[in-house]
Amino acid sequence: ETLAFDQRVLLSLRVPGDPADPIGPRAFEEAMRDVTALGGFTVLTLVTVVATLAFAMHRRWKHAGVLAGTILLAQGCSRLLKNLYDRPRPDLAPHLVEVYSGSFPSGHAMLWAATYLTLAALVAHLEVKRRSKILVFALALLLMAAIGFSRVYLGVHWPSDVAGGWCIGAAWAFAAWLVLMRLEVKTPPLPRP
């Protein structure tokens, strides 16, 4: 049902008449490869481990557990959904990066929505300044948007794959926030060191 829209958007990011050539200068194409690498498994693992350790070092055990648990569950969900839908990758243009799994949902979009939005919610929960809370969510949304756009620009996902990934990842982040709120009600917070 989304194929006509998906094709139109994907082709709008290509030079007319040459779907192998994305619009923009070569430097932009290389920048999109760098941005998409920010959404890869290695960076996801590093960010999750570092953030979980940082929460643990500050004795924010609930925050550490919620982050690690959310990302592990979101990764399992991503693999399950990719296997379930088994949607082929776009074939209108050559893929400008290597891909190994099905197209729906975009794992990059889903896992980074879950990671960045969960991390933003956890940091905002600890932060007292409203401007800081807004900043962490704005940065999370900016990174999500950039990674999602890069996947479509590089021809490895349909726009609907990315939108689906964002929605599912945001649902995981919302569930994480609900779990944190539930845990906060059950036990009083630790005094700040």
# chains A, B, ... in the order shown; residues from 1 in each chain; ligands from 1

call {"tool": "residues_around", "arguments": {"residues": "segment 47-64 of chain A", "least_positions_apart": "3", "cutoff": "12 Å", "atoms": "only C-alpha atoms", "output": "compact mmCIF listing (two decimals) with N, CA and C atoms, in the first residue's frame"}}
result
# COMPACT_ATOMS: atom_id res chain seq x y z
N LEU A 38 26.59 5.80 12.47
CA LEU A 38 26.21 6.14 13.85
C LEU A 38 25.06 5.27 14.34
N GLY A 39 24.30 4.70 13.41
CA GLY A 39 23.18 3.85 13.77
C GLY A 39 23.51 2.38 13.75
N GLY A 40 24.76 2.05 13.55
CA GLY A 40 25.16 0.64 13.46
C GLY A 40 25.25 -0.04 14.82
N PHE A 41 25.37 -1.36 14.76
CA PHE A 41 25.37 -2.18 15.96
C PHE A 41 26.53 -1.85 16.90
N THR A 42 27.71 -1.58 16.34
CA THR A 42 28.87 -1.28 17.18
C THR A 42 28.67 -0.02 17.99
N VAL A 43 28.22 1.05 17.34
CA VAL A 43 27.98 2.31 18.05
C VAL A 43 26.84 2.14 19.05
N LEU A 44 25.79 1.42 18.65
CA LEU A 44 24.67 1.16 19.56
C LEU A 44 25.16 0.47 20.83
N LEU A 67 17.57 1.18 30.90
CA LEU A 67 18.23 1.41 29.61
C LEU A 67 18.70 0.09 29.00
N ALA A 68 19.46 -0.68 29.76
CA ALA A 68 20.00 -1.94 29.23
C ALA A 68 18.87 -2.89 28.84
N GLY A 69 17.87 -3.02 29.69
CA GLY A 69 16.74 -3.91 29.39
C GLY A 69 15.97 -3.49 28.15
N THR A 70 15.74 -2.20 28.02
CA THR A 70 14.99 -1.69 26.86
C THR A 70 15.73 -1.98 25.56
N ILE A 71 17.04 -1.73 25.54
CA ILE A 71 17.79 -1.92 24.31
C ILE A 71 17.87 -3.40 23.94
N LEU A 72 18.08 -4.25 24.93
CA LEU A 72 18.12 -5.69 24.65
C LEU A 72 16.77 -6.19 24.11
N GLN A 75 16.24 -4.88 20.54
CA GLN A 75 17.03 -5.63 19.56
C GLN A 75 16.36 -6.96 19.22
N LEU A 111 16.11 0.89 16.51
CA LEU A 111 16.99 0.76 17.67
C LEU A 111 17.51 2.11 18.15
N TRP A 112 17.73 3.02 17.22
CA TRP A 112 18.18 4.33 17.67
C TRP A 112 17.05 5.16 18.22
N ALA A 114 14.65 3.84 19.98
CA ALA A 114 14.56 3.26 21.33
C ALA A 114 15.71 3.75 22.20
N THR A 115 16.91 3.75 21.66
CA THR A 115 18.09 4.13 22.45
C THR A 115 18.09 5.61 22.79
N TYR A 116 18.00 6.47 21.78
CA TYR A 116 18.10 7.91 22.03
C TYR A 116 16.92 8.44 22.82
N THR A 118 14.95 6.71 24.90
CA THR A 118 15.03 6.18 26.27
C THR A 118 16.11 6.93 27.04
N LEU A 119 17.25 7.10 26.43
CA LEU A 119 18.33 7.83 27.09
C LEU A 119 17.92 9.26 27.40
N ALA A 120 17.25 9.91 26.46
CA ALA A 120 16.77 11.28 26.69
C ALA A 120 15.78 11.31 27.85
N ALA A 121 14.86 10.35 27.90
CA ALA A 121 13.88 10.31 28.99
C ALA A 121 14.57 10.09 30.34
N LEU A 122 15.57 9.21 30.37
CA LEU A 122 16.28 8.93 31.62
C LEU A 122 17.09 10.14 32.09
N VAL A 123 17.78 10.80 31.16
CA VAL A 123 18.55 12.00 31.52
C VAL A 123 17.60 13.11 31.94
N ALA A 124 16.52 13.31 31.20
CA ALA A 124 15.55 14.35 31.54
C ALA A 124 14.92 14.09 32.91
N HIS A 125 14.74 12.84 33.27
CA HIS A 125 14.19 12.49 34.58
C HIS A 125 15.10 12.97 35.71
N LEU A 126 16.41 12.95 35.47
CA LEU A 126 17.38 13.36 36.48
C LEU A 126 17.68 14.85 36.44
N ALA A 176 9.73 2.11 28.37
CA ALA A 176 10.83 2.26 29.33
C ALA A 176 10.52 3.37 30.33
N TRP A 177 9.99 4.47 29.82
CA TRP A 177 9.63 5.58 30.71
C TRP A 177 8.54 5.15 31.69
N LEU A 178 7.54 4.41 31.21
CA LEU A 178 6.49 3.91 32.10
C LEU A 178 7.05 3.00 33.18
N VAL A 179 7.98 2.13 32.80
CA VAL A 179 8.61 1.24 33.78
C VAL A 179 9.36 2.06 34.83
N LEU A 180 10.12 3.06 34.38
CA LEU A 180 10.85 3.91 35.32
C LEU A 180 9.90 4.62 36.27
N MET A 181 8.80 5.15 35.75
CA MET A 181 7.83 5.84 36.62
C MET A 181 7.23 4.86 37.63
N ARG A 182 6.98 3.67 37.20
CA ARG A 182 6.43 2.64 38.10
C ARG A 182 7.44 2.29 39.19
N LEU A 183 8.71 2.16 38.81
CA LEU A 183 9.75 1.85 39.79
C LEU A 183 9.95 3.01 40.77
N GLU A 184 9.82 4.22 40.30
CA GLU A 184 9.97 5.39 41.16
C GLU A 184 8.87 5.47 42.21
N VAL A 185 7.68 5.04 41.88
CA VAL A 185 6.56 5.05 42.81
C VAL A 185 6.77 4.01 43.91
N LYS A 186 7.36 2.85 43.54
CA LYS A 186 7.53 1.77 44.49
C LYS A 186 8.62 2.03 45.50
N THR A 187 9.73 2.68 45.09
CA THR A 187 10.83 2.89 46.01
C THR A 187 11.21 4.35 46.01
N PRO A 188 11.56 4.88 47.19
CA PRO A 188 11.97 6.29 47.24
C PRO A 188 13.33 6.47 46.55
N PRO A 189 13.57 7.64 45.99
CA PRO A 189 14.85 7.87 45.31
C PRO A 189 16.00 7.90 46.29
N LEU A 190 17.19 7.53 45.79
CA LEU A 190 18.40 7.61 46.61
C LEU A 190 18.82 9.05 46.74
N PRO A 191 19.43 9.41 47.88
CA PRO A 191 19.94 10.79 47.99
C PRO A 191 21.09 10.99 47.01
N ARG A 192 21.20 12.18 46.50
CA ARG A 192 22.28 12.48 45.54
C ARG A 192 23.61 12.53 46.28
N PRO A 193 24.64 11.89 45.68
CA PRO A 193 25.96 11.92 46.33
C PRO A 193 26.58 13.28 46.31

call {"tool": "select_by_dssp", "arguments": {"residues": "chain A", "states": "alpha helix (DSSP H)", "output": "number ranges by chain"}}
result
A: 3-12, 26-37, 41-57, 61-85, 107-126, 130-153, 159-186

call {"tool": "closest_residue", "arguments": {"among": "A:Asp86, A:Glu29, A:Glu98, A:Asp91", "to": "Phe149 of chain A", "atoms": "only C-alpha atoms"}}
result
A:Glu29

call {"tool": "residues_around", "arguments": {"residues": "Met110 of chain A", "least_positions_apart": "6", "cutoff": "12 Å", "atoms": "only C-alpha atoms", "output": "ChimeraX atom specification"}}
result
/A:39-41,44,70-71,73-79,81-82,103-104,116-118,144-145,147-148,151,160-173

call {"tool": "closest_residue", "arguments": {"among": "A:Trp158, A:Phe5, A:Phe174, A:Tyr153", "to": "Gly24 of chain A", "atoms": "only C-alpha atoms"}}
result
A:Tyr153

call {"tool": "atom_distance", "arguments": {"atom1": "atom CA of Asp18 of chain A", "atom2": "atom CA of Ala31 of chain A"}}
result
20.5 Å

call {"tool": "closest_residue", "arguments": {"among": "A:Val66, A:Val97, A:Leu92, A:Leu139", "to": "Gln7 of chain A", "atoms": "only C-alpha atoms"}}
result
A:Leu92

call {"tool": "atom_distance", "arguments": {"atom1": "atom CA of Arg33 of chain A", "atom2": "atom CA of Leu46 of chain A"}}
result
18.7 Å

call {"tool": "closest_residue", "arguments": {"among": "A:Ala109, A:Ala93, A:Leu135, A:Val128", "to": "Pro16 of chain A", "atoms": "only C-alpha atoms"}}
result
A:Ala93

call {"tool": "closest_residue", "arguments": {"among": "A:Leu143, A:Leu84, A:Ala138, A:Leu10", "to": "His157 of chain A", "atoms": "only C-alpha atoms"}}
result
A:Leu10

call {"tool": "atom_distance", "arguments": {"atom1": "atom CA of Val9 of chain A", "atom2": "atom CA of Ala140 of chain A"}}
result
23.8 Å

call {"tool": "select_by_dssp", "arguments": {"residues": "segment 5-189 of chain A", "states": "strand (DSSP E or B)", "output": "MDAnalysis selection string"}}
result
chainID A and resid 14:15 18:22

call {"tool": "write_last_selection", "arguments": {"atoms": "N, CA, C and O atoms", "output": "PDB file, in the first residue's frame"}}
result
ATOM      1  N   ARG A  14      17.415  10.778  -5.955  1.00  0.00           N
ATOM      2  CA  ARG A  14      18.318  10.330  -7.009  1.00  0.00           C
ATOM      3  C   ARG A  14      18.305  11.343  -8.157  1.00  0.00           C
ATOM      4  O   ARG A  14      17.309  12.028  -8.386  1.00  0.00           O
ATOM      5  N   VAL A  15      19.416  11.399  -8.879  1.00  0.00           N
ATOM      6  CA  VAL A  15      19.488  12.260 -10.054  1.00  0.00           C
ATOM      7  C   VAL A  15      18.462  11.750 -11.061  1.00  0.00           C
ATOM      8  O   VAL A  15      18.437  10.544 -11.353  1.00  0.00           O
ATOM      9  N   ASP A  18      18.958   8.742 -13.529  1.00  0.00           N
ATOM     10  CA  ASP A  18      20.112   7.935 -13.110  1.00  0.00           C
ATOM     11  C   ASP A  18      19.937   7.522 -11.647  1.00  0.00           C
ATOM     12  O   ASP A  18      20.514   8.134 -10.747  1.00  0.00           O
ATOM     13  N   PRO A  19      19.131   6.477 -11.399  1.00  0.00           N
ATOM     14  CA  PRO A  19      18.864   6.083 -10.008  1.00  0.00           C
ATOM     15  C   PRO A  19      20.095   5.584  -9.257  1.00  0.00           C
ATOM     16  O   PRO A  19      20.075   5.477  -8.043  1.00  0.00           O
ATOM     17  N   ALA A  20      21.199   5.332  -9.950  1.00  0.00           N
ATOM     18  CA  ALA A  20      22.426   4.906  -9.272  1.00  0.00           C
ATOM     19  C   ALA A  20      23.163   6.073  -8.630  1.00  0.00           C
ATOM     20  O   ALA A  20      24.046   5.866  -7.804  1.00  0.00           O
ATOM     21  N   ASP A  21      22.778   7.304  -8.994  1.00  0.00           N
ATOM     22  CA  ASP A  21      23.481   8.497  -8.516  1.00  0.00           C
ATOM     23  C   ASP A  21      22.593   9.308  -7.573  1.00  0.00           C
ATOM     24  O   ASP A  21      21.633   9.933  -7.996  1.00  0.00           O
ATOM     25  N   PRO A  22      22.907   9.315  -6.267  1.00  0.00           N
ATOM     26  CA  PRO A  22      22.103  10.126  -5.339  1.00  0.00           C
ATOM     27  C   PRO A  22      22.343  11.614  -5.581  1.00  0.00           C
ATOM     28  O   PRO A  22      23.423  12.004  -6.046  1.00  0.00           O
TER      29      PRO A  22
END

call {"tool": "closest_residue", "arguments": {"among": "A:Thr45, A:Leu142, A:Ser150, A:Gly155", "to": "Pro94 of chain A", "atoms": "only C-alpha atoms"}}
result
A:Gly155

call {"tool": "decode", "arguments": {"residues": "segment 135-148 of chain A", "atoms": "N, CA and C atoms", "output": "short mmCIF file (atom, residue, chain, number, x, y, z; two decimals), in the first residue's frame"}}
result
data_model
loop_
_atom_site.label_atom_id
_atom_site.label_comp_id
_atom_site.auth_asym_id
_atom_site.auth_seq_id
_atom_site.Cartn_x
_atom_site.Cartn_y
_atom_site.Cartn_z
N LEU A 135 16.72 20.19 25.46
CA LEU A 135 17.91 19.97 24.65
C LEU A 135 18.17 18.48 24.42
N VAL A 136 18.06 17.65 25.46
CA VAL A 136 18.35 16.22 25.27
C VAL A 136 17.33 15.58 24.33
N PHE A 137 16.07 15.98 24.43
CA PHE A 137 15.07 15.42 23.51
C PHE A 137 15.27 15.95 22.09
N ALA A 138 15.63 17.23 21.95
CA ALA A 138 15.88 17.79 20.62
C ALA A 138 17.06 17.08 19.95
N LEU A 139 18.12 16.84 20.71
CA LEU A 139 19.28 16.13 20.15
C LEU A 139 18.92 14.69 19.77
N ALA A 140 18.13 14.04 20.60
CA ALA A 140 17.69 12.67 20.29
C ALA A 140 16.90 12.64 18.99
N LEU A 141 15.96 13.56 18.84
CA LEU A 141 15.14 13.61 17.63
C LEU A 141 15.97 13.96 16.40
N LEU A 142 16.92 14.86 16.55
CA LEU A 142 17.79 15.24 15.44
C LEU A 142 18.62 14.04 14.96
N LEU A 143 19.22 13.31 15.89
CA LEU A 143 20.01 12.14 15.53
C LEU A 143 19.14 11.05 14.90
N MET A 144 17.95 10.84 15.46
CA MET A 144 17.02 9.85 14.87
C MET A 144 16.68 10.22 13.43
N ALA A 145 16.35 11.49 13.22
CA ALA A 145 15.96 11.94 11.88
C ALA A 145 17.13 11.79 10.90
N ALA A 146 18.33 12.16 11.33
CA ALA A 146 19.50 12.07 10.46
C ALA A 146 19.79 10.62 10.08
N ILE A 147 19.75 9.72 11.04
CA ILE A 147 20.03 8.31 10.76
C ILE A 147 18.95 7.73 9.84
N GLY A 148 17.69 8.03 10.12
CA GLY A 148 16.60 7.54 9.27
C GLY A 148 16.71 8.05 7.85
#
